[in-house]
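Student: Contents are compact mmCIF, C-alpha atoms; file name structure.txt:
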# COMPACT_ATOMS: atom_id res chain seq x y z
CA MET A 1 -6.28 23.70 22.81
CA SER A 2 -3.73 21.18 24.01
CA ALA A 3 -0.05 22.05 24.34
CA THR A 4 2.50 20.24 22.21
CA ILE A 5 5.06 18.41 24.28
CA PRO A 6 8.52 18.76 22.69
CA ASP A 7 10.49 15.65 21.87
CA ARG A 8 13.48 15.84 24.21
CA HIS A 9 15.55 13.52 22.06
CA SER A 10 15.04 15.68 18.97
CA GLU A 11 16.43 18.68 20.85
CA GLN A 12 19.59 17.05 22.13
CA PRO A 13 22.68 19.08 21.14
CA GLY A 14 24.70 17.32 18.45
CA ARG A 15 21.91 14.90 17.55
CA ILE A 16 22.12 15.60 13.81
CA MET A 17 25.91 15.57 13.76
CA SER A 18 26.14 12.31 15.72
CA GLY A 19 23.60 10.75 13.38
CA GLU A 20 25.78 11.64 10.40
CA ILE A 21 28.91 10.38 12.12
CA VAL A 22 27.41 6.90 12.45
CA GLU A 23 26.63 6.89 8.71
CA GLN A 24 30.33 6.86 7.85
CA PRO A 25 30.85 3.08 7.53
CA ALA A 26 27.94 2.88 5.07
CA VAL A 27 29.21 5.91 3.13
CA LEU A 28 32.72 4.45 2.84
CA ARG A 29 31.29 1.13 1.67
CA ARG A 30 29.12 2.92 -0.90
CA ILE A 31 32.13 4.72 -2.33
CA LEU A 32 34.08 1.48 -2.64
CA ASP A 33 31.19 -0.50 -4.15
CA GLU A 34 29.39 2.10 -6.25
CA GLY A 35 31.84 4.95 -6.73
CA GLY A 36 35.05 3.00 -7.21
CA PRO A 37 34.58 2.01 -10.87
CA LYS A 38 33.70 5.56 -11.91
CA ILE A 39 36.63 7.01 -9.96
CA ARG A 40 39.03 4.59 -11.69
CA GLU A 41 37.55 5.52 -15.07
CA ILE A 42 38.12 9.21 -14.39
CA ALA A 43 41.64 8.54 -13.09
CA GLU A 44 42.53 6.65 -16.26
CA ALA A 45 41.19 9.48 -18.43
CA VAL A 46 43.17 12.08 -16.47
CA ALA A 47 46.34 9.96 -16.48
CA ALA A 48 46.11 9.70 -20.28
CA LYS A 49 46.39 13.50 -20.45
CA LYS A 50 49.73 13.32 -18.59
CA PRO A 51 49.35 16.35 -16.29
CA ARG A 52 52.69 18.01 -15.56
CA PHE A 53 51.61 19.66 -12.32
CA VAL A 54 48.64 19.60 -9.92
CA LEU A 55 46.88 22.52 -8.26
CA LEU A 56 44.34 21.93 -5.50
CA THR A 57 41.58 24.38 -4.64
CA ALA A 58 39.30 24.19 -1.60
CA ARG A 59 38.08 25.98 1.50
CA GLY A 60 37.36 24.98 5.10
CA THR A 61 37.31 21.28 5.92
CA SER A 62 37.67 20.40 2.25
CA ASP A 63 40.97 22.29 2.27
CA ASN A 64 42.29 19.69 4.72
CA ALA A 65 41.17 16.95 2.32
CA ALA A 66 42.99 18.77 -0.49
CA LEU A 67 46.15 18.91 1.60
CA TYR A 68 45.89 15.14 2.11
CA ALA A 69 45.62 14.72 -1.67
CA LYS A 70 48.70 16.90 -2.12
CA TYR A 71 50.74 14.52 0.04
CA LEU A 72 49.37 11.50 -1.81
CA LEU A 73 50.19 12.92 -5.22
CA GLU A 74 53.68 14.03 -4.30
CA VAL A 75 54.64 10.92 -2.30
CA ARG A 76 52.98 8.20 -4.36
CA LEU A 77 53.31 9.71 -7.83
CA GLY A 78 56.12 12.23 -7.55
CA ILE A 79 53.99 14.93 -9.16
CA PRO A 80 54.61 18.46 -7.85
CA CYS A 81 51.49 20.00 -6.30
CA GLY A 82 50.40 23.32 -4.93
CA LEU A 83 47.44 24.77 -3.04
CA THR A 84 45.90 27.70 -4.90
CA SER A 85 44.81 31.15 -3.81
CA MET A 86 41.48 31.71 -5.56
CA SER A 87 41.69 35.48 -5.23
CA THR A 88 44.57 35.65 -7.71
CA THR A 89 42.08 34.95 -10.48
CA THR A 90 38.73 35.96 -8.97
CA ALA A 91 39.86 39.28 -7.42
CA TYR A 92 43.11 40.20 -9.17
CA GLY A 93 42.37 38.84 -12.63
CA ALA A 94 45.56 36.77 -13.03
CA GLN A 95 45.62 34.64 -16.18
CA PRO A 96 48.25 31.92 -15.68
CA ASP A 97 49.02 29.40 -18.40
CA LEU A 98 47.55 26.18 -17.03
CA THR A 99 48.02 24.03 -20.09
CA ASP A 100 48.42 20.37 -19.03
CA VAL A 101 47.94 21.28 -15.36
CA LEU A 102 45.45 19.24 -13.35
CA VAL A 103 43.28 21.48 -11.16
CA ILE A 104 41.34 19.59 -8.49
CA THR A 105 38.62 21.53 -6.68
CA VAL A 106 37.23 19.94 -3.52
CA SER A 107 33.92 21.21 -2.16
CA GLN A 108 31.20 19.53 -0.13
CA SER A 109 28.38 21.57 -1.67
CA GLY A 110 29.96 22.48 -4.99
CA GLY A 111 28.14 25.79 -4.81
CA SER A 112 30.65 28.34 -3.54
CA PRO A 113 30.83 31.12 -6.17
CA ASP A 114 34.58 31.67 -5.72
CA LEU A 115 35.33 27.98 -6.23
CA VAL A 116 33.11 27.88 -9.30
CA ALA A 117 34.67 31.03 -10.75
CA SER A 118 38.27 29.94 -10.17
CA THR A 119 37.61 26.48 -11.62
CA LYS A 120 35.94 27.96 -14.68
CA ALA A 121 38.88 30.33 -15.14
CA ALA A 122 41.33 27.44 -14.80
CA ARG A 123 39.55 25.44 -17.47
CA GLU A 124 39.54 28.43 -19.80
CA ALA A 125 43.29 28.75 -19.14
CA GLY A 126 43.89 25.21 -20.43
CA ALA A 127 43.70 23.19 -17.21
CA ILE A 128 42.36 19.69 -16.81
CA THR A 129 39.66 20.31 -14.20
CA LEU A 130 38.30 17.83 -11.69
CA ALA A 131 35.61 18.63 -9.12
CA VAL A 132 35.22 16.44 -6.05
CA THR A 133 31.85 17.18 -4.43
CA ASN A 134 28.88 15.71 -2.61
CA ASN A 135 26.52 17.21 -5.18
CA ALA A 136 26.55 15.90 -8.73
CA GLU A 137 24.05 18.62 -9.74
CA SER A 138 26.20 21.48 -8.43
CA GLU A 139 27.47 24.36 -10.52
CA LEU A 140 31.04 23.34 -9.73
CA ALA A 141 30.44 19.89 -11.20
CA ALA A 142 28.91 21.52 -14.28
CA VAL A 143 31.88 23.80 -15.03
CA SER A 144 34.48 21.04 -14.51
CA GLU A 145 35.68 18.62 -17.16
CA PHE A 146 35.53 15.71 -14.71
CA HIS A 147 33.53 15.16 -11.53
CA ILE A 148 33.74 12.71 -8.64
CA ASP A 149 30.63 12.36 -6.48
CA VAL A 150 31.64 11.36 -2.93
CA LEU A 151 28.19 9.80 -2.41
CA ALA A 152 27.84 10.85 1.23
CA GLY A 153 24.17 11.74 1.05
CA PRO A 154 22.67 14.95 2.48
CA GLU A 155 24.68 16.50 5.30
CA LYS A 156 22.62 18.76 7.56
CA ALA A 157 25.06 19.39 10.41
CA LEU A 158 27.38 22.35 9.98
CA PRO A 159 30.57 20.48 11.00
CA ALA A 160 31.63 18.19 8.18
CA THR A 161 31.88 14.54 9.23
CA LYS A 162 30.83 11.93 6.69
CA THR A 163 31.52 14.27 3.77
CA TYR A 164 35.08 14.84 4.96
CA THR A 165 35.97 11.15 5.29
CA ALA A 166 34.18 10.53 1.98
CA GLU A 167 36.40 13.14 0.32
CA LEU A 168 39.51 11.51 1.78
CA LEU A 169 38.60 8.06 0.48
CA SER A 170 37.53 9.36 -2.94
CA LEU A 171 40.78 11.27 -3.35
CA TYR A 172 42.79 8.23 -2.27
CA LEU A 173 41.04 6.04 -4.85
CA PHE A 174 41.60 8.68 -7.52
CA VAL A 175 45.32 8.90 -6.82
CA GLU A 176 45.59 5.12 -6.76
CA GLY A 177 43.81 5.06 -10.10
CA LEU A 178 46.29 7.56 -11.53
CA ARG A 179 49.13 5.19 -10.68
CA GLY A 180 47.30 2.14 -12.03
CA GLY A 181 46.36 0.74 -8.63
CA ASP A 182 43.00 -0.64 -7.55
CA GLY A 183 42.86 0.88 -4.08
CA ALA A 184 42.39 -2.54 -2.52
CA ALA A 185 44.07 -1.38 0.68
CA ALA A 186 40.99 0.72 1.43
CA ALA A 187 38.64 -2.26 1.49
CA ALA A 188 39.02 -2.62 5.26
CA LEU A 189 37.97 0.97 6.03
CA PRO A 190 34.19 0.46 6.46
CA ASP A 191 34.67 -2.32 9.00
CA LEU A 192 37.39 -0.38 10.82
CA ALA A 193 35.11 2.65 11.02
CA GLN A 194 32.32 0.48 12.39
CA ARG A 195 34.62 -0.96 15.04
CA ILE A 196 35.62 2.54 16.16
CA LEU A 197 31.98 3.63 16.42
CA ALA A 198 31.21 0.51 18.47
CA ARG A 199 33.63 1.81 21.13
CA GLY A 200 31.48 4.85 21.84
CA ALA A 201 30.59 3.75 25.37
CA GLU A 202 34.27 3.13 26.11
CA VAL A 203 35.22 6.60 24.88
CA LYS A 204 32.42 8.21 26.89
CA HIS A 205 33.58 6.37 30.02
CA CYS A 206 37.17 7.57 29.50
CA LEU A 207 36.03 11.16 29.03
CA LEU A 208 34.00 11.06 32.24
CA TYR A 209 36.96 9.93 34.29
CA THR A 210 39.61 12.14 32.69
CA SER A 211 37.71 15.42 32.75
Would it be possible to restate this file's structure as structure tokens?

Tutor:
Amino acid sequence: MSATIPDRHSEQPGRIMSGEIVEQPAVLRRILDEGGPKIREIAEAVAAKKPRFVLLTARGTSDNAALYAKYLLEVRLGIPCGLTSMSTTTAYGAQPDLTDVLVITVSQSGGSPDLVASTKAAREAGAITLAVTNNAESELAAVSEFHIDVLAGPEKALPATKTYTAELLSLYLFVEGLRGGDGAAAAALPDLAQRILARGAEVKHCLLYTS
């Protein structure tokens, strides 16, 4: 019986994560080319409902993307926004009146039970609900009135990379759509991301001589 020789490359730490990092230019381009029209369509439908306030719900890395969206909405649209505490509804049973409030839930997987429960409760309380996920078949997408697929493809590494930047771009395009813009300023992002990745050897060299 012959021994199996392990593939050294397949065991390199960070191999999966680095592979997903280099996918980012293609993911950003996919969002602009394939996702853009749908995002604008959703933004127009939401804008027609004239939300009076926005609440953003997320956890982990997606919470940082939600915070970015909060700044965009307040600065570019002048709409007051807040970051929610899911436990107020899921644990304490609060029943706020969310009529004409836009609730945006950001989740890479779309499968976290607390996010699903709080979004469902928000919709039942009269909110306009939008899920932003990397999984169009997720339960979160199913319970939301609107859904934006960030089109990042499967992410196997635990640290979020391509899904995080995909969330940022998708949220930017959505906010631009709310204000009647086309998001043309984002067209340069895929090439810029590619140029940054091309400097990997330069970054590695700097790290070696500064550590």

Student: Can you work out the spacing between atom CA of A:Leu130 and atom CA of A:Ser107 in Å, to one decimal?

Tutor: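 Taking atom CA of A:Leu130 and atom CA of A:Ser107, their separation equals 11.0 Å.
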
Student: At a cut-off of 10 Å, using all atoms listed in the file, what residues contact stretch 36-45 of chain A? Leave out same-chain residues fewer than 5 positions from it and give the result as a VMD selection string.

Tutor: chain A and resid 29 to 31 50 130 146 to 150 169 to 183

Student: Write a file of the just-selected residues containing C-alpha atoms, as an mmCIF file, keeping the file's coordinate frame.

Tutor:
data_model
loop_
_atom_site.group_PDB
_atom_site.id
_atom_site.type_symbol
_atom_site.label_atom_id
_atom_site.label_comp_id
_atom_site.auth_asym_id
_atom_site.auth_seq_id
_atom_site.Cartn_x
_atom_site.Cartn_y
_atom_site.Cartn_z
ATOM 1 C CA ARG A 29 31.290 1.130 1.670
ATOM 2 C CA ARG A 30 29.120 2.920 -0.900
ATOM 3 C CA ILE A 31 32.130 4.720 -2.330
ATOM 4 C CA LYS A 50 49.730 13.320 -18.590
ATOM 5 C CA LEU A 130 38.300 17.830 -11.690
ATOM 6 C CA PHE A 146 35.530 15.710 -14.710
ATOM 7 C CA HIS A 147 33.530 15.160 -11.530
ATOM 8 C CA ILE A 148 33.740 12.710 -8.640
ATOM 9 C CA ASP A 149 30.630 12.360 -6.480
ATOM 10 C CA VAL A 150 31.640 11.360 -2.930
ATOM 11 C CA LEU A 169 38.600 8.060 0.480
ATOM 12 C CA SER A 170 37.530 9.360 -2.940
ATOM 13 C CA LEU A 171 40.780 11.270 -3.350
ATOM 14 C CA TYR A 172 42.790 8.230 -2.270
ATOM 15 C CA LEU A 173 41.040 6.040 -4.850
ATOM 16 C CA PHE A 174 41.600 8.680 -7.520
ATOM 17 C CA VAL A 175 45.320 8.900 -6.820
ATOM 18 C CA GLU A 176 45.590 5.120 -6.760
ATOM 19 C CA GLY A 177 43.810 5.060 -10.100
ATOM 20 C CA LEU A 178 46.290 7.560 -11.530
ATOM 21 C CA ARG A 179 49.130 5.190 -10.680
ATOM 22 C CA GLY A 180 47.300 2.140 -12.030
ATOM 23 C CA GLY A 181 46.360 0.740 -8.630
ATOM 24 C CA ASP A 182 43.000 -0.640 -7.550
ATOM 25 C CA GLY A 183 42.860 0.880 -4.080
#

Student: In terms of the shortest atom-to-atom distance over only C-alpha atoms, which of A:Ala152, A:Ala121, A:Ala58, A:Ala94 is closest to A:Val27?

Tutor: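 Checking each candidate against A:Val27, we get A:Ala152 as the closest.
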
Student: Which residues are close to A:Ser62, i.e. within 7 Å by only C-alpha atoms, leaving aside same-chain residues fewer than 2 positions away? Reply as a PDB file with C-alpha atoms, keeping the file's coordinate frame.

Tutor:
ATOM      1  CA  ALA A  58      39.300  24.190  -1.600  1.00  0.00           C
ATOM      2  CA  ARG A  59      38.080  25.980   1.500  1.00  0.00           C
ATOM      3  CA  GLY A  60      37.360  24.980   5.100  1.00  0.00           C
ATOM      4  CA  ASN A  64      42.290  19.690   4.720  1.00  0.00           C
ATOM      5  CA  ALA A  65      41.170  16.950   2.320  1.00  0.00           C
ATOM      6  CA  ALA A  66      42.990  18.770  -0.490  1.00  0.00           C
ATOM      7  CA  VAL A 106      37.230  19.940  -3.520  1.00  0.00           C
ATOM      8  CA  SER A 107      33.920  21.210  -2.160  1.00  0.00           C
ATOM      9  CA  GLN A 108      31.200  19.530  -0.130  1.00  0.00           C
ATOM     10  CA  TYR A 164      35.080  14.840   4.960  1.00  0.00           C
TER      11      TYR A 164
END

Student: Go ahead and compute the interatomic distance for atom CA of A:Ala142 and atom CA of A:Ile16, in Å to one decimal.

Tutor: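 For atom CA of A:Ala142 relative to atom CA of A:Ile16, the distance reads 29.5 Å.
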
Student: Do you know which residues are at most 8 Å from A:Lys162 counting only C-alpha atoms, after dropping those on the same chain fewer than 5 positions away, and could you put them as a list in words?

Tutor: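 Residues meeting the cut-off are Glu20, Ile21, Glu23, Gln24, Val27, Ala152 and Glu155 of chain A.
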
Student: State, in Å with one decimal place, the distance from atom CA of A:Ala127 to atom CA of A:Cys81.

Tutor: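 Separation between atom CA of A:Ala127 and atom CA of A:Cys81: 13.8 Å.
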
Student: Looking at A:Thr105, A:Thr210, A:Thr90, A:Thr163, which one is nearest to A:Ala69, with distances taken over all atoms listed in the file?

Tutor: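 Under the stated criterion, the closest residue is A:Thr105.
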
Student: Each side padded by 8 Å, which centre and which edge lengths in Å (one decimal) define the axis-aligned box around the listed atoms of stretch 91-98 of chain A? Give them as JSON.

Tutor:
{"center_x": 44.4, "center_y": 33.2, "center_z": -12.9, "size_x": 25.2, "size_y": 30.0, "size_z": 27.0}

Student: Write out as a PDB file with C-alpha atoms, in the coordinates of the input the residues lying within 12 Å of A:Ala122, counting all atoms listed in the file and excluding same-chain residues fewer than 3 positions away.

Tutor:
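Now in selection-v2.pdb:
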ATOM      1  CA  VAL A  54      48.640  19.600  -9.920  1.00  0.00           C
ATOM      2  CA  LEU A  55      46.880  22.520  -8.260  1.00  0.00           C
ATOM      3  CA  LEU A  56      44.340  21.930  -5.500  1.00  0.00           C
ATOM      4  CA  THR A  57      41.580  24.380  -4.640  1.00  0.00           C
ATOM      5  CA  THR A  84      45.900  27.700  -4.900  1.00  0.00           C
ATOM      6  CA  MET A  86      41.480  31.710  -5.560  1.00  0.00           C
ATOM      7  CA  THR A  88      44.570  35.650  -7.710  1.00  0.00           C
ATOM      8  CA  THR A  89      42.080  34.950 -10.480  1.00  0.00           C
ATOM      9  CA  THR A  90      38.730  35.960  -8.970  1.00  0.00           C
ATOM     10  CA  GLY A  93      42.370  38.840 -12.630  1.00  0.00           C
ATOM     11  CA  ALA A  94      45.560  36.770 -13.030  1.00  0.00           C
ATOM     12  CA  GLN A  95      45.620  34.640 -16.180  1.00  0.00           C
ATOM     13  CA  PRO A  96      48.250  31.920 -15.680  1.00  0.00           C
ATOM     14  CA  ASP A  97      49.020  29.400 -18.400  1.00  0.00           C
ATOM     15  CA  LEU A  98      47.550  26.180 -17.030  1.00  0.00           C
ATOM     16  CA  THR A  99      48.020  24.030 -20.090  1.00  0.00           C
ATOM     17  CA  ASP A 100      48.420  20.370 -19.030  1.00  0.00           C
ATOM     18  CA  VAL A 101      47.940  21.280 -15.360  1.00  0.00           C
ATOM     19  CA  LEU A 102      45.450  19.240 -13.350  1.00  0.00           C
ATOM     20  CA  VAL A 103      43.280  21.480 -11.160  1.00  0.00           C
ATOM     21  CA  ILE A 104      41.340  19.590  -8.490  1.00  0.00           C
ATOM     22  CA  THR A 105      38.620  21.530  -6.680  1.00  0.00           C
ATOM     23  CA  LEU A 115      35.330  27.980  -6.230  1.00  0.00           C
ATOM     24  CA  VAL A 116      33.110  27.880  -9.300  1.00  0.00           C
ATOM     25  CA  ALA A 117      34.670  31.030 -10.750  1.00  0.00           C
ATOM     26  CA  SER A 118      38.270  29.940 -10.170  1.00  0.00           C
ATOM     27  CA  THR A 119      37.610  26.480 -11.620  1.00  0.00           C
ATOM     28  CA  ALA A 125      43.290  28.750 -19.140  1.00  0.00           C
ATOM     29  CA  GLY A 126      43.890  25.210 -20.430  1.00  0.00           C
ATOM     30  CA  ALA A 127      43.700  23.190 -17.210  1.00  0.00           C
ATOM     31  CA  ILE A 128      42.360  19.690 -16.810  1.00  0.00           C
ATOM     32  CA  THR A 129      39.660  20.310 -14.200  1.00  0.00           C
ATOM     33  CA  LEU A 130      38.300  17.830 -11.690  1.00  0.00           C
ATOM     34  CA  ALA A 131      35.610  18.630  -9.120  1.00  0.00           C
ATOM     35  CA  VAL A 143      31.880  23.800 -15.030  1.00  0.00           C
ATOM     36  CA  SER A 144      34.480  21.040 -14.510  1.00  0.00           C
ATOM     37  CA  GLU A 145      35.680  18.620 -17.160  1.00  0.00           C
TER      38      GLU A 145
END

Student: Neighbourhood query: residues within 12 Å of (22.3, 13.1, 13.0), file coordinates, counting all atoms listed in the file; return as a PyMOL selection string.

Tutor: chain A and resi 9-24+154-162

Student: Can you take the partial stretch 67-78 of chain A, add all heavy atoms, and return it as a PDB file, in the coordinates of the input?

Tutor:
ATOM      1  N   LEU A  67      44.769  19.036   1.122  1.00  0.00           N
ATOM      2  CA  LEU A  67      46.150  18.910   1.600  1.00  0.00           C
ATOM      3  C   LEU A  67      46.561  17.438   1.669  1.00  0.00           C
ATOM      4  O   LEU A  67      47.687  17.080   1.319  1.00  0.00           O
ATOM      5  CB  LEU A  67      46.295  19.562   2.971  1.00  0.00           C
ATOM      6  CG  LEU A  67      47.693  19.534   3.598  1.00  0.00           C
ATOM      7  CD1 LEU A  67      48.708  20.241   2.707  1.00  0.00           C
ATOM      8  CD2 LEU A  67      47.660  20.180   4.983  1.00  0.00           C
ATOM      9  N   TYR A  68      45.641  16.585   2.093  1.00  0.00           N
ATOM     10  CA  TYR A  68      45.890  15.140   2.110  1.00  0.00           C
ATOM     11  C   TYR A  68      46.182  14.647   0.690  1.00  0.00           C
ATOM     12  O   TYR A  68      47.126  13.870   0.466  1.00  0.00           O
ATOM     13  CB  TYR A  68      44.665  14.438   2.684  1.00  0.00           C
ATOM     14  CG  TYR A  68      44.632  12.945   2.504  1.00  0.00           C
ATOM     15  CD1 TYR A  68      45.507  12.110   3.195  1.00  0.00           C
ATOM     16  CD2 TYR A  68      43.693  12.352   1.650  1.00  0.00           C
ATOM     17  CE1 TYR A  68      45.460  10.724   3.039  1.00  0.00           C
ATOM     18  CE2 TYR A  68      43.637  10.977   1.491  1.00  0.00           C
ATOM     19  CZ  TYR A  68      44.516  10.173   2.182  1.00  0.00           C
ATOM     20  OH  TYR A  68      44.460   8.809   2.018  1.00  0.00           O
ATOM     21  N   ALA A  69      45.400  15.113  -0.279  1.00  0.00           N
ATOM     22  CA  ALA A  69      45.620  14.720  -1.670  1.00  0.00           C
ATOM     23  C   ALA A  69      46.971  15.200  -2.174  1.00  0.00           C
ATOM     24  O   ALA A  69      47.636  14.514  -2.959  1.00  0.00           O
ATOM     25  CB  ALA A  69      44.501  15.270  -2.555  1.00  0.00           C
ATOM     26  N   LYS A  70      47.394  16.365  -1.738  1.00  0.00           N
ATOM     27  CA  LYS A  70      48.700  16.900  -2.120  1.00  0.00           C
ATOM     28  C   LYS A  70      49.810  15.943  -1.683  1.00  0.00           C
ATOM     29  O   LYS A  70      50.724  15.629  -2.450  1.00  0.00           O
ATOM     30  CB  LYS A  70      48.906  18.287  -1.504  1.00  0.00           C
ATOM     31  CG  LYS A  70      50.253  18.941  -1.817  1.00  0.00           C
ATOM     32  CD  LYS A  70      50.336  20.308  -1.150  1.00  0.00           C
ATOM     33  CE  LYS A  70      51.599  21.064  -1.566  1.00  0.00           C
ATOM     34  NZ  LYS A  70      52.844  20.413  -1.086  1.00  0.00           N
ATOM     35  N   TYR A  71      49.743  15.479  -0.447  1.00  0.00           N
ATOM     36  CA  TYR A  71      50.740  14.520   0.040  1.00  0.00           C
ATOM     37  C   TYR A  71      50.693  13.227  -0.761  1.00  0.00           C
ATOM     38  O   TYR A  71      51.735  12.665  -1.137  1.00  0.00           O
ATOM     39  CB  TYR A  71      50.511  14.233   1.525  1.00  0.00           C
ATOM     40  CG  TYR A  71      51.186  15.212   2.441  1.00  0.00           C
ATOM     41  CD1 TYR A  71      50.622  16.464   2.700  1.00  0.00           C
ATOM     42  CD2 TYR A  71      52.397  14.904   3.052  1.00  0.00           C
ATOM     43  CE1 TYR A  71      51.234  17.368   3.540  1.00  0.00           C
ATOM     44  CE2 TYR A  71      53.022  15.807   3.893  1.00  0.00           C
ATOM     45  CZ  TYR A  71      52.445  17.038   4.139  1.00  0.00           C
ATOM     46  OH  TYR A  71      53.061  17.939   4.969  1.00  0.00           O
ATOM     47  N   LEU A  72      49.490  12.730  -1.034  1.00  0.00           N
ATOM     48  CA  LEU A  72      49.370  11.500  -1.810  1.00  0.00           C
ATOM     49  C   LEU A  72      50.003  11.635  -3.190  1.00  0.00           C
ATOM     50  O   LEU A  72      50.754  10.761  -3.628  1.00  0.00           O
ATOM     51  CB  LEU A  72      47.887  11.129  -1.975  1.00  0.00           C
ATOM     52  CG  LEU A  72      47.144  10.536  -0.783  1.00  0.00           C
ATOM     53  CD1 LEU A  72      45.686  10.306  -1.156  1.00  0.00           C
ATOM     54  CD2 LEU A  72      47.782   9.227  -0.331  1.00  0.00           C
ATOM     55  N   LEU A  73      49.691  12.718  -3.866  1.00  0.00           N
ATOM     56  CA  LEU A  73      50.190  12.920  -5.220  1.00  0.00           C
ATOM     57  C   LEU A  73      51.700  13.076  -5.262  1.00  0.00           C
ATOM     58  O   LEU A  73      52.368  12.531  -6.138  1.00  0.00           O
ATOM     59  CB  LEU A  73      49.512  14.152  -5.839  1.00  0.00           C
ATOM     60  CG  LEU A  73      48.040  13.963  -6.211  1.00  0.00           C
ATOM     61  CD1 LEU A  73      47.332  15.307  -6.300  1.00  0.00           C
ATOM     62  CD2 LEU A  73      47.919  13.206  -7.527  1.00  0.00           C
ATOM     63  N   GLU A  74      52.232  13.803  -4.308  1.00  0.00           N
ATOM     64  CA  GLU A  74      53.680  14.030  -4.300  1.00  0.00           C
ATOM     65  C   GLU A  74      54.449  12.792  -3.851  1.00  0.00           C
ATOM     66  O   GLU A  74      55.498  12.459  -4.424  1.00  0.00           O
ATOM     67  CB  GLU A  74      54.010  15.215  -3.393  1.00  0.00           C
ATOM     68  CG  GLU A  74      53.521  16.540  -3.955  1.00  0.00           C
ATOM     69  CD  GLU A  74      53.894  17.733  -3.091  1.00  0.00           C
ATOM     70  OE1 GLU A  74      54.143  17.546  -1.886  1.00  0.00           O
ATOM     71  OE2 GLU A  74      53.921  18.858  -3.637  1.00  0.00           O
ATOM     72  N   VAL A  75      53.928  12.084  -2.842  1.00  0.00           N
ATOM     73  CA  VAL A  75      54.640  10.920  -2.300  1.00  0.00           C
ATOM     74  C   VAL A  75      54.477   9.695  -3.188  1.00  0.00           C
ATOM     75  O   VAL A  75      55.438   8.984  -3.488  1.00  0.00           O
ATOM     76  CB  VAL A  75      54.167  10.621  -0.872  1.00  0.00           C
ATOM     77  CG1 VAL A  75      54.784   9.321  -0.358  1.00  0.00           C
ATOM     78  CG2 VAL A  75      54.530  11.765   0.067  1.00  0.00           C
ATOM     79  N   ARG A  76      53.246   9.434  -3.635  1.00  0.00           N
ATOM     80  CA  ARG A  76      52.980   8.200  -4.360  1.00  0.00           C
ATOM     81  C   ARG A  76      53.195   8.310  -5.863  1.00  0.00           C
ATOM     82  O   ARG A  76      53.426   7.307  -6.539  1.00  0.00           O
ATOM     83  CB  ARG A  76      51.579   7.693  -4.062  1.00  0.00           C
ATOM     84  CG  ARG A  76      51.410   7.443  -2.570  1.00  0.00           C
ATOM     85  CD  ARG A  76      50.210   6.728  -2.144  1.00  0.00           C
ATOM     86  NE  ARG A  76      49.961   5.407  -2.673  1.00  0.00           N
ATOM     87  CZ  ARG A  76      50.404   4.282  -2.113  1.00  0.00           C
ATOM     88  NH1 ARG A  76      51.210   4.323  -1.069  1.00  0.00           N
ATOM     89  NH2 ARG A  76      50.033   3.133  -2.602  1.00  0.00           N
ATOM     90  N   LEU A  77      53.144   9.537  -6.381  1.00  0.00           N
ATOM     91  CA  LEU A  77      53.310   9.710  -7.830  1.00  0.00           C
ATOM     92  C   LEU A  77      54.495  10.593  -8.200  1.00  0.00           C
ATOM     93  O   LEU A  77      54.916  10.606  -9.353  1.00  0.00           O
ATOM     94  CB  LEU A  77      52.036  10.314  -8.435  1.00  0.00           C
ATOM     95  CG  LEU A  77      50.800   9.413  -8.452  1.00  0.00           C
ATOM     96  CD1 LEU A  77      49.608  10.186  -8.969  1.00  0.00           C
ATOM     97  CD2 LEU A  77      51.032   8.184  -9.307  1.00  0.00           C
ATOM     98  N   GLY A  78      55.003  11.351  -7.239  1.00  0.00           N
ATOM     99  CA  GLY A  78      56.120  12.230  -7.550  1.00  0.00           C
ATOM    100  C   GLY A  78      55.742  13.421  -8.392  1.00  0.00           C
ATOM    101  O   GLY A  78      56.603  14.034  -9.039  1.00  0.00           O
TER     102      GLY A  78
END
